[in-house]
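Undergrad: My structure is stored as start_5.cif, with mmCIF, C-alpha atoms and all ligand atoms.
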```cif
data_upload
#
loop_
_atom_site.label_atom_id
_atom_site.label_comp_id
_atom_site.auth_asym_id
_atom_site.auth_seq_id
_atom_site.Cartn_x
_atom_site.Cartn_y
_atom_site.Cartn_z
CA MET C 1197 89.30 88.04 91.94
CA PRO C 1198 91.96 85.50 90.90
CA ASN C 1199 91.25 81.80 91.15
CA PRO C 1200 91.18 81.01 94.91
CA ALA C 1201 92.97 77.68 94.44
CA LEU C 1202 95.86 79.45 92.70
CA LEU C 1203 96.06 81.98 95.55
CA HIS C 1204 96.04 79.14 98.09
CA HIS C 1205 98.77 77.26 96.20
CA ASN C 1206 100.94 80.38 96.26
CA GLU C 1207 100.38 80.94 99.99
CA THR C 1208 101.02 77.35 101.05
CA GLN C 1209 103.83 76.35 98.67
CA PHE C 1210 105.93 79.48 98.20
CA ALA C 1211 106.05 81.20 101.59
CA LYS C 1212 109.70 81.91 102.41
CA SER C 1213 111.06 79.25 104.75
CA ILE C 1214 114.15 77.21 105.52
CA VAL C 1215 112.81 73.71 106.08
CA ALA C 1216 114.79 71.09 108.05
CA LEU C 1217 114.65 67.78 106.17
CA ALA C 1218 116.67 65.66 108.59
CA PRO C 1219 119.60 66.39 110.94
CA GLY C 1220 122.15 68.44 108.94
CA MET C 1221 120.05 69.03 105.82
CA TRP C 1222 117.74 71.85 104.78
CA THR C 1223 115.72 73.21 101.87
CA ALA C 1224 115.19 76.89 101.05
CA VAL C 1225 111.65 77.44 99.71
CA GLY C 1226 110.22 80.70 98.39
CA TYR C 1227 113.47 82.62 97.91
CA ALA C 1228 113.56 82.03 94.16
CA ALA C 1229 111.58 80.32 91.42
CA SER C 1230 113.24 77.04 92.42
CA THR C 1231 114.38 75.55 95.74
CA GLN C 1232 117.97 75.17 96.97
CA HIS C 1233 119.21 72.49 99.33
CA MET C 1234 122.12 72.22 101.76
CA ILE C 1235 123.64 69.01 103.17
CA GLU C 1236 126.11 69.44 106.01
CA GLY C 1237 129.21 67.23 105.93
CA ALA C 1238 132.17 66.87 108.27
CA GLN C 1239 134.10 69.96 107.14
CA SER C 1240 132.00 71.35 104.29
CA VAL C 1241 128.48 71.55 102.92
CA THR C 1242 127.00 70.38 99.62
CA ILE C 1243 124.59 72.64 97.74
CA ILE C 1244 122.00 71.10 95.42
CA ASP C 1245 120.78 73.66 92.83
CA THR C 1246 121.59 77.34 92.97
CA SER C 1247 118.50 79.39 91.92
CA GLU C 1248 117.99 81.66 88.91
CA SER C 1249 119.78 84.80 90.09
CA THR C 1250 122.79 85.94 92.09
CA SER C 1251 120.55 88.04 94.35
CA ALA C 1252 118.34 85.08 95.29
CA ALA C 1253 121.42 82.90 95.79
CA ALA C 1254 122.95 85.53 98.11
CA ASN C 1255 119.75 85.63 100.20
CA VAL C 1256 119.70 81.84 100.49
CA LEU C 1257 123.40 81.60 101.33
CA ALA C 1258 122.89 84.20 104.10
CA GLU C 1259 120.13 82.00 105.58
CA PHE C 1260 122.24 78.85 105.26
CA ARG C 1261 125.15 80.66 106.98
CA LYS C 1262 122.96 81.02 110.09
CA LEU C 1263 122.88 77.20 110.28
CA THR C 1264 126.57 76.44 109.68
CA ALA C 1265 129.71 78.36 108.80
CA LYS C 1266 131.27 75.41 106.94
CA PRO C 1267 132.33 76.34 103.40
CA VAL C 1268 130.59 75.02 100.30
CA GLY C 1269 132.59 71.97 99.22
CA ARG C 1270 130.66 71.02 96.10
CA ILE C 1271 127.55 71.83 94.06
CA ILE C 1272 125.24 69.37 92.36
CA TYR C 1273 122.89 70.44 89.56
CA THR C 1274 119.77 68.25 89.30
CA HIS C 1275 119.31 69.42 85.69
CA SER C 1276 120.20 72.23 83.31
CA HIS C 1277 117.18 74.54 83.51
CA ARG C 1278 118.33 78.06 84.21
CA ASP C 1279 116.32 78.50 87.39
CA HIS C 1280 118.57 75.86 89.01
CA ILE C 1281 122.04 76.74 87.70
CA SER C 1282 122.31 80.53 87.76
CA GLY C 1283 123.53 81.28 91.31
CA ALA C 1284 126.62 79.07 91.43
CA THR C 1285 129.14 81.94 91.58
CA VAL C 1286 127.59 83.06 94.87
CA PHE C 1287 127.78 79.63 96.51
CA CYS C 1288 131.35 79.03 95.28
CA GLU C 1289 132.51 82.23 97.01
CA GLY C 1290 135.41 82.56 94.59
CA LYS C 1291 136.72 79.05 95.10
CA ASP C 1292 137.25 76.38 92.47
CA ILE C 1293 135.05 73.52 93.70
CA PRO C 1294 133.53 70.43 92.08
CA ILE C 1295 130.25 71.13 90.27
CA LEU C 1296 128.54 67.88 89.36
CA ALA C 1297 125.84 67.28 86.75
CA SER C 1298 124.63 64.56 84.43
CA ALA C 1299 126.92 63.79 81.50
CA GLY C 1300 123.95 64.70 79.30
CA PHE C 1301 123.87 68.21 80.82
CA ASP C 1302 122.26 70.26 78.11
CA SER C 1303 119.28 72.51 77.92
CA ASP C 1304 116.85 74.17 75.57
CA LEU C 1305 117.68 77.32 77.51
CA VAL C 1306 121.34 77.18 78.58
CA GLY C 1307 122.67 79.09 75.63
CA GLN C 1308 120.50 80.46 72.86
CA ASP C 1309 122.80 80.72 69.89
CA ASP C 1310 121.71 83.64 67.74
CA THR C 1311 124.06 82.66 64.91
CA ARG C 1312 121.86 79.65 64.06
CA ILE C 1313 118.34 79.67 62.67
CA ALA C 1314 115.99 79.23 65.63
CA PRO C 1315 112.79 80.86 66.94
CA ASN C 1316 114.71 82.49 69.78
CA GLU C 1317 112.75 85.74 69.73
CA ALA C 1318 109.49 83.81 70.00
CA LEU C 1319 110.91 81.77 72.87
CA GLY C 1320 112.01 84.94 74.63
CA ARG C 1321 108.64 86.64 74.22
CA ARG C 1322 106.66 83.59 75.29
CA THR C 1323 108.93 83.05 78.29
CA MET C 1324 108.22 86.65 79.37
CA ALA C 1325 104.50 85.98 78.95
CA GLN C 1326 104.50 82.64 80.78
CA PHE C 1327 106.34 84.06 83.77
CA GLY C 1328 104.48 87.39 83.63
CA ILE C 1329 107.61 89.53 83.43
CA GLY C 1330 106.45 93.13 83.88
CA LEU C 1331 103.09 92.25 85.45
CA SER C 1332 102.34 93.70 88.88
CA PRO C 1333 102.54 91.37 91.93
CA GLU C 1334 98.72 91.41 92.13
CA GLU C 1335 98.45 90.37 88.51
CA ARG C 1336 101.17 87.74 88.73
CA ILE C 1337 100.05 85.50 91.59
CA SER C 1338 102.85 83.00 91.04
CA LEU C 1339 104.93 81.29 88.39
CA GLY C 1340 103.07 78.03 89.07
CA CYS C 1341 106.41 76.57 90.15
CA GLY C 1342 107.56 79.42 92.38
CA PRO C 1343 106.67 82.78 93.89
CA GLY C 1344 105.91 85.63 91.50
CA ASP C 1345 107.44 88.12 93.90
CA ARG C 1346 111.19 87.41 94.13
CA PRO C 1347 114.51 89.19 93.52
CA MET C 1348 115.33 89.70 89.85
CA GLN C 1349 118.81 91.29 90.06
CA GLY C 1350 121.53 89.09 88.60
CA MET C 1351 119.03 86.95 86.68
CA GLY C 1352 120.99 84.22 84.90
CA ALA C 1353 124.28 85.89 85.86
CA GLY C 1354 125.86 83.36 88.22
CA HIS C 1355 126.07 80.23 86.14
CA ILE C 1356 129.21 78.11 86.20
CA PRO C 1357 129.27 75.11 83.85
CA PRO C 1358 129.62 71.73 85.58
CA ASN C 1359 133.23 70.52 85.84
CA GLU C 1360 132.44 66.93 86.81
CA LEU C 1361 130.05 65.12 84.50
CA VAL C 1362 128.39 61.97 85.81
CA ALA C 1363 127.89 59.35 83.09
CA ALA C 1364 126.36 56.49 85.10
CA ASP C 1365 124.54 56.16 88.41
CA ARG C 1366 127.08 56.09 91.20
CA ASP C 1367 127.64 56.39 94.93
CA ILE C 1368 129.35 59.51 96.14
CA ASP C 1369 130.70 60.67 99.49
CA LEU C 1370 129.45 64.14 100.38
CA ASP C 1371 132.13 64.77 102.99
CA GLY C 1372 130.91 61.99 105.27
CA VAL C 1373 127.31 61.81 104.00
CA GLU C 1374 126.66 58.77 101.82
CA ALA C 1375 124.73 59.61 98.64
CA ARG C 1376 123.79 58.11 95.29
CA LEU C 1377 123.40 60.01 92.02
CA ILE C 1378 120.64 58.49 89.89
CA HIS C 1379 119.83 59.41 86.27
CA VAL C 1380 116.08 59.96 85.99
CA PRO C 1381 115.11 61.49 82.61
CA GLY C 1382 111.83 63.35 82.91
CA GLU C 1383 111.14 67.08 82.76
CA THR C 1384 114.52 67.16 81.02
CA ALA C 1385 116.55 64.27 79.65
CA ASP C 1386 119.51 65.32 81.82
CA HIS C 1387 117.80 64.93 85.19
CA MET C 1388 119.91 63.49 88.00
CA ALA C 1389 118.32 62.79 91.40
CA VAL C 1390 120.31 62.80 94.64
CA TRP C 1391 119.41 60.02 97.08
CA LEU C 1392 120.65 59.85 100.67
CA PRO C 1393 120.03 56.22 101.77
CA GLY C 1394 120.94 56.88 105.42
CA PRO C 1395 118.26 59.43 106.37
CA LYS C 1396 116.18 58.32 103.33
CA VAL C 1397 116.02 61.83 101.87
CA LEU C 1398 115.42 62.16 98.12
CA PHE C 1399 116.04 65.18 95.88
CA PRO C 1400 114.15 64.41 92.63
CA GLY C 1401 114.86 67.71 90.85
CA ASP C 1402 111.82 68.79 88.85
CA ASN C 1403 110.49 65.31 88.22
CA TRP C 1404 108.08 66.00 91.03
CA TYR C 1405 106.60 69.18 92.56
CA HIS C 1406 103.27 70.10 94.10
CA ALA C 1407 101.44 70.75 90.79
CA PHE C 1408 100.41 68.84 87.68
CA PRO C 1409 103.70 68.08 85.90
CA ASN C 1410 104.70 70.57 83.23
CA LEU C 1411 104.74 67.99 80.45
CA TYR C 1412 104.55 70.90 78.03
CA ALA C 1413 105.66 74.45 78.83
CA ILE C 1414 103.73 77.05 76.84
CA ARG C 1415 106.86 79.21 76.55
CA GLY C 1416 107.77 76.53 74.01
CA THR C 1417 109.76 73.39 74.58
CA PRO C 1418 110.88 70.33 72.67
CA TYR C 1419 108.99 67.11 73.46
CA ARG C 1420 109.47 65.97 77.03
CA ASP C 1421 109.55 62.18 77.00
CA PHE C 1422 106.33 61.24 78.83
CA ALA C 1423 107.16 57.53 79.10
CA ALA C 1424 110.64 58.21 80.46
CA TRP C 1425 109.22 60.64 83.04
CA ALA C 1426 106.64 58.06 84.18
CA ASP C 1427 109.34 55.37 84.41
CA SER C 1428 111.59 57.68 86.42
CA LEU C 1429 108.78 58.38 88.89
CA GLN C 1430 108.55 54.63 89.49
CA VAL C 1431 112.31 54.44 90.06
CA LEU C 1432 112.03 57.30 92.56
CA ALA C 1433 109.01 55.76 94.32
CA ASP C 1434 110.81 52.43 94.69
CA LEU C 1435 113.55 54.09 96.76
CA ASP C 1436 111.01 54.28 99.62
CA ALA C 1437 112.18 57.72 100.67
CA GLU C 1438 110.88 59.22 103.89
CA VAL C 1439 111.51 62.80 102.80
CA LEU C 1440 111.06 64.23 99.30
CA ALA C 1441 112.65 67.64 98.68
CA PRO C 1442 111.63 68.73 95.16
CA GLY C 1443 113.17 71.37 92.90
CA HIS C 1444 110.06 73.54 93.43
CA THR C 1445 107.46 73.71 96.24
CA GLN C 1446 107.54 72.42 99.81
CA PRO C 1447 109.14 69.12 100.87
CA VAL C 1448 106.95 66.08 101.53
CA PHE C 1449 107.39 64.04 104.72
CA GLY C 1450 106.47 60.42 105.52
CA ALA C 1451 107.23 57.30 103.47
CA ASP C 1452 103.57 56.59 102.64
CA LYS C 1453 102.93 60.18 101.54
CA VAL C 1454 106.10 60.34 99.44
CA ARG C 1455 105.21 57.10 97.68
CA GLU C 1456 101.63 58.29 97.13
CA VAL C 1457 102.59 61.61 95.52
CA LEU C 1458 105.16 59.97 93.24
CA VAL C 1459 102.96 57.06 92.16
CA THR C 1460 99.84 59.16 91.54
CA THR C 1461 101.82 61.65 89.47
CA ARG C 1462 103.12 58.73 87.42
CA GLU C 1463 99.53 57.50 86.99
CA ALA C 1464 98.43 60.97 85.87
CA ILE C 1465 101.08 60.97 83.13
CA LEU C 1466 100.09 57.46 82.05
CA HIS C 1467 96.43 58.52 81.97
CA VAL C 1468 97.18 61.40 79.59
CA MET C 1469 99.24 59.07 77.38
CA ARG C 1470 96.54 56.36 77.35
CA HIS C 1471 93.65 58.75 76.68
CA THR C 1472 95.52 60.51 73.89
CA ALA C 1473 96.83 57.33 72.26
CA GLU C 1474 93.36 55.75 72.31
CA GLY C 1475 91.86 58.86 70.73
CA MET C 1476 94.55 58.96 68.07
CA ASN C 1477 94.07 55.24 67.39
CA ALA C 1478 90.33 55.85 66.98
CA GLY C 1479 91.08 58.69 64.54
CA LEU C 1480 89.43 61.32 66.72
CA PRO C 1481 90.05 65.03 66.08
CA MET C 1482 92.69 66.45 68.43
CA ASP C 1483 90.24 69.06 69.72
CA ASP C 1484 87.87 66.27 70.78
CA ILE C 1485 90.66 64.28 72.44
CA VAL C 1486 91.48 67.39 74.46
CA ALA C 1487 87.85 68.30 75.19
CA THR C 1488 87.12 64.85 76.67
CA LEU C 1489 90.29 64.59 78.78
CA THR C 1490 89.77 64.68 82.54
CA LEU C 1491 91.71 62.99 85.31
CA PRO C 1492 89.82 60.11 86.97
CA ASN C 1493 88.37 60.99 90.40
CA ASP C 1494 91.07 59.19 92.38
CA LEU C 1495 93.71 61.38 90.70
CA GLY C 1496 91.73 64.58 90.10
CA ASP C 1497 91.11 65.02 93.83
CA LYS C 1498 94.82 65.04 94.71
CA PRO C 1499 95.91 68.58 95.65
CA TRP C 1500 99.41 68.03 94.20
CA LEU C 1501 97.89 67.28 90.79
CA GLY C 1502 96.17 70.67 90.63
CA GLU C 1503 96.92 72.30 87.28
CA PHE C 1504 98.85 75.23 88.78
CA TYR C 1505 101.86 74.66 86.50
CA GLY C 1506 101.29 71.92 83.91
CA LYS C 1507 97.94 71.20 82.29
CA ALA C 1508 96.50 67.89 81.10
CA ALA C 1509 94.91 69.37 77.97
CA TRP C 1510 98.19 70.89 76.76
CA SER C 1511 99.95 67.65 77.63
CA ALA C 1512 97.66 65.68 75.32
CA ARG C 1513 98.57 67.94 72.40
CA ALA C 1514 102.27 67.65 73.28
CA TYR C 1515 102.06 63.86 73.46
CA ALA C 1516 100.37 63.69 70.04
CA SER C 1517 102.87 65.98 68.36
CA GLY C 1518 105.79 64.42 70.24
CA THR C 1519 104.93 60.91 69.08
CA LEU C 1520 103.42 61.24 65.58
CA GLY C 1521 104.13 64.88 64.74
CA TRP C 1522 101.77 67.64 63.64
CA TYR C 1523 99.61 65.66 61.19
CA ASP C 1524 96.53 64.34 62.99
CA GLY C 1525 95.49 61.80 60.35
CA ASN C 1526 92.69 63.96 58.92
CA PRO C 1527 93.50 64.67 55.23
CA THR C 1528 91.65 67.99 55.47
CA HIS C 1529 94.66 69.21 57.38
CA LEU C 1530 97.07 68.37 54.57
CA GLY C 1531 95.93 71.61 52.96
CA THR C 1532 95.87 75.14 54.35
CA LEU C 1533 93.70 78.23 54.37
CA SER C 1534 95.30 81.46 55.51
CA SER C 1535 93.67 82.98 58.56
CA ALA C 1536 92.32 85.84 56.42
CA THR C 1537 90.80 83.49 53.84
CA ARG C 1538 89.13 81.36 56.50
CA ALA C 1539 87.82 84.48 58.25
CA ARG C 1540 86.42 85.83 54.98
CA HIS C 1541 84.56 82.54 54.31
CA ILE C 1542 83.11 82.52 57.82
CA ALA C 1543 82.08 86.18 57.57
CA ASP C 1544 80.39 85.43 54.22
CA LEU C 1545 78.45 82.58 55.83
CA ALA C 1546 77.43 84.76 58.75
CA GLY C 1547 76.22 87.53 56.47
CA GLY C 1548 79.19 89.86 56.84
CA ALA C 1549 81.84 90.84 59.36
CA GLU C 1550 79.33 92.91 61.34
CA ALA C 1551 77.47 89.68 62.16
CA LEU C 1552 80.73 88.31 63.61
CA VAL C 1553 81.11 91.46 65.69
CA ALA C 1554 77.56 91.08 67.02
CA GLN C 1555 78.12 87.41 67.83
CA ALA C 1556 81.46 88.14 69.54
CA ASN C 1557 79.76 90.69 71.79
CA ALA C 1558 76.73 88.49 72.45
CA THR C 1559 78.24 85.10 73.22
CA SER C 1560 79.01 84.04 76.78
CA ASP C 1561 81.45 81.35 75.57
CA LEU C 1562 84.77 83.12 76.12
CA GLN C 1563 86.77 80.66 74.02
CA TRP C 1564 84.37 81.16 71.10
CA ARG C 1565 84.60 84.92 71.58
CA LEU C 1566 88.41 84.72 71.33
CA GLU C 1567 88.14 82.71 68.14
CA LEU C 1568 85.69 85.24 66.67
CA CYS C 1569 88.05 88.07 67.65
CA ASP C 1570 90.86 86.31 65.79
CA HIS C 1571 88.71 86.11 62.65
CA LEU C 1572 87.85 89.78 62.94
CA ILE C 1573 91.46 90.80 63.45
CA ALA C 1574 92.40 88.69 60.41
CA LEU C 1575 89.82 90.71 58.46
CA GLY C 1576 91.32 93.97 59.67
CA HIS C 1577 88.54 94.80 62.14
CA PRO C 1578 89.67 96.43 65.42
CA ALA C 1579 88.72 93.53 67.72
CA GLU C 1580 91.91 93.84 69.79
CA PRO C 1581 90.26 95.57 72.78
CA LEU C 1582 87.55 92.89 72.98
CA LYS C 1583 90.15 90.15 72.69
CA ALA C 1584 92.22 91.73 75.46
CA ALA C 1585 89.19 92.08 77.75
CA THR C 1586 88.26 88.46 77.09
CA MET C 1587 91.75 87.22 77.97
CA ILE C 1588 91.62 89.25 81.21
CA ALA C 1589 88.27 87.63 82.05
CA LEU C 1590 89.72 84.17 81.35
CA ALA C 1591 92.76 84.93 83.51
CA GLU C 1592 90.54 85.57 86.51
CA THR C 1593 89.08 82.06 86.48
CA GLU C 1594 92.27 80.32 85.40
CA ILE C 1595 93.90 77.91 87.89
CA ASN C 1596 97.07 77.61 85.82
CA ALA C 1597 99.63 80.30 86.65
CA THR C 1598 101.37 80.18 83.28
CA ALA C 1599 98.04 80.53 81.44
CA ARG C 1600 96.98 83.38 83.74
CA ASN C 1601 100.28 85.19 83.24
CA THR C 1602 100.16 84.66 79.47
CA TYR C 1603 96.58 85.94 79.14
CA LEU C 1604 97.39 89.07 81.16
CA TRP C 1605 100.76 89.69 79.49
CA GLU C 1606 99.36 89.27 75.97
CA ALA C 1607 96.33 91.44 76.82
CA LYS C 1608 98.71 94.22 77.81
CA ARG C 1609 100.75 93.78 74.63
CA LEU C 1610 97.58 93.85 72.51
CA GLY C 1611 96.45 97.03 74.28
CA GLU C 1612 99.79 98.71 73.62
CA GLY C 1613 99.70 97.63 69.97
CA ALA C 1614 96.18 99.02 69.56
CA ALA C 1615 97.15 102.31 71.23
CA SER C 1616 100.22 102.97 69.07
ZN ZN C 1701 112.80 74.03 87.74
#
```
Here is a file; write its structure as structure tokens.
TA:
Amino acid sequence: MPNPALLHHNETQFAKSIVALAPGMWTAVGYAASTQHMIEGAQSVTIIDTSESTSAAANVLAEFRKLTAKPVGRIIYTHSHRDHISGATVFCEGKDIPILASAGFDSDLVGQDDTRIAPNEALGRRTMAQFGIGLSPEERISLGCGPGDRPMQGMGAGHIPPNELVAADRDIDLDGVEARLIHVPGETADHMAVWLPGPKVLFPGDNWYHAFPNLYAIRGTPYRDFAAWADSLQVLADLDAEVLAPGHTQPVFGADKVREVLVTTREAILHVMRHTAEGMNAGLPMDDIVATLTLPNDLGDKPWLGEFYGKAAWSARAYASGTLGWYDGNPTHLGTLSSATRARHIADLAGGAEALVAQANATSDLQWRLELCDHLIALGHPAEPLKAATMIALAETEINATARNTYLWEAKRLGEGAAS
């Protein structure tokens, strides 16, 4: 039985719906990993973000067409992640229209260049694991940021590069609808929010969604600037929006609620930074900094800070490595033992590898069992089936969708490796 909170998050945040934000503006939720938004102008509509596939974009456009037949006059990308920029060809309908994005538009994922040295294969494999590509719908509850069950045809196929780059914050006329484009570095450095001061509707991109912020994505990502993200959440909160329509999950309504979700998410980021910096300053081991990190009660009880997508513990490690790099200040870690050498020493201490096998089978601490399995595998013992079974057990209690998907995906891969 999967974690009930993760099931509930999927049911409440990713059910397919076209949500009216204010007169003449709507958000499509649940049609793709991300959300898409439409703003109706005098003669045309504006589309904010375009989904990850041409098939999802076509489904959304068909729904939007039931609301208005006005052609798409322009597209705005909130940022460069592929799940927001890959359905543009569908919305353009063959026409050459303005596509606006931040002047810093650039992504860790827009174009992997195989001619340069880079861990692209690792990124590809880990991305498949994080999003549970190939898992059954029952196994893959959600992506954490979107529904697991969604159309996959035309994945990444409909991207059009932006043709109008926005260097500084500026006002813009969306065919009769007054808007402001605001640079808000956060999940990516190239984030650009769209603010409609008339109806007080705010599109923050992925700087907010109904889940703990993905300060570190386990697929692998360069450092996401925690301080910049926290600052941007304050900028967004200070707009006093009445409607918040995020790049993933359902919109939020009511000025007090919008302010609360933005400010508490900012506080959660600051808490991770403070806890980790204090631990580093005190010279604590990274494992202990992580093991003692919990959100204070007045943040931990907020449903939108549930760790469905990001995770505080991973964030602490990302903050440490993003600020001071891999070295944790303990000179022991200036040297290295190979995994096989370390495993041999531990087996010697335990009285042989068979003692490790017995302990791995006996312990109820699943994390310890995984670590013992790794030592055994390093020693050439066939502990793969036990490791796979342990990851499956962990997946069932896991609230984080990306962790659940990764445990299940890697368990399958381990099983296939052991069988061949
Ligand atoms: Zn996104």
Undergrad: Please indicate the distance in Å from atom CA of Gly1382 of chain C to atom CA of Asp1436 of chain C, rounded to one decimal place.
TA: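 It comes out at 19.0 Å.
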Undergrad: Considering only C-alpha atoms, tabulate each residue of segment 1311-1358 of chain C that lies at most 12 Å from segment 1579-1591 of chain C along with its nearest interatomic pair and the corresponding distance in Å to one decimal; arrange the rows by chain and ascending residue number and present them as JSON lines.
TA:
```
{"residue": "C:Gly1328", "atom": "CA", "partner": "C:Ala1591", "partner_atom": "CA", "distance": 12.0}
{"residue": "C:Glu1335", "atom": "CA", "partner": "C:Ala1591", "partner_atom": "CA", "distance": 9.3}
{"residue": "C:Arg1336", "atom": "CA", "partner": "C:Ala1591", "partner_atom": "CA", "distance": 10.3}
{"residue": "C:Ile1337", "atom": "CA", "partner": "C:Ala1591", "partner_atom": "CA", "distance": 10.9}
```
Undergrad: Residues near segment 1262-1270 of chain C, anyone? I mean within 6 Å using only C-alpha atoms, not counting same-chain ones fewer than 2 positions away, as a list in words.
TA: Ser1240, Val1241, Thr1242, Glu1259, Phe1260, Ile1293, Pro1294 and Ile1295 of chain C
Undergrad: Residues of chain C that approach ligand ZN 1701 (chain C) to 6 Å or less, counting only C-alpha atoms and all ligand atoms: could you list each one with the shortest pair of atoms and its distance in Å to one decimal, rows by chain and increasing residue number, as a Markdown table?
TA:
```
| residue | atom | partner | partner_atom | distance |
| --- | --- | --- | --- | --- |
| C:Ser1230 | CA | C:ZN1701 | ZN | 5.6 |
| C:Asp1279 | CA | C:ZN1701 | ZN | 5.7 |
| C:Asp1402 | CA | C:ZN1701 | ZN | 5.4 |
| C:Gly1443 | CA | C:ZN1701 | ZN | 5.8 |
```
Undergrad: Which one is closest to Leu1339 of chain C: C:Gln1326, C:Ile1243, C:Trp1522, C:Thr1472? Count only C-alpha atoms.
TA: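 Checking each of C:Gln1326, C:Ile1243, C:Trp1522, C:Thr1472 against Leu1339 of chain C, counting only C-alpha atoms, the winner is C:Gln1326.
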Undergrad: When you look at segment 1594-1596 of chain C with a cut-off of 6 Å (counting only C-alpha atoms), what residues show up, excluding the ones that are within fewer than 2 positions of it in the same chain? I need them as a list in words.
TA: Asn1199, Leu1202, Glu1503, Phe1504, Tyr1505, Ala1591, Glu1592, Thr1598, Ala1599 and Arg1600 of chain C
Undergrad: Atom CA of Val1459 of chain C and atom CA of Pro1395 of chain C are how many Å apart?
TA: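 About the pair atom CA of Val1459 of chain C and atom CA of Pro1395 of chain C: they are 21.0 Å apart.
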Undergrad: Do you know which residues lie at most 8 Å from (115.4, 74.6, 99.5), with coordinates as in the file and only C-alpha atoms counted, and could you write them as a count of residues only?
TA: 13
Undergrad: Find the spatial neighbours of Pro1481 of chain C, counting all atoms listed in the file, within a cut-off of 8 Å - ignore same-chain residues fewer than 3 positions away - and output them as a list in words.
TA: Gly1475, Met1476, Asp1484, Ile1485, Asp1524 and Asn1526 of chain C
Undergrad: With all atoms listed in the file as the basis for distance, which of C:Arg1455, C:His1406, C:His1275, C:His1577 is at the shortest distance from Val1362 of chain C?
TA: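 Looking only at the distances to Val1362 of chain C, the closest residue turns out to be C:His1275.
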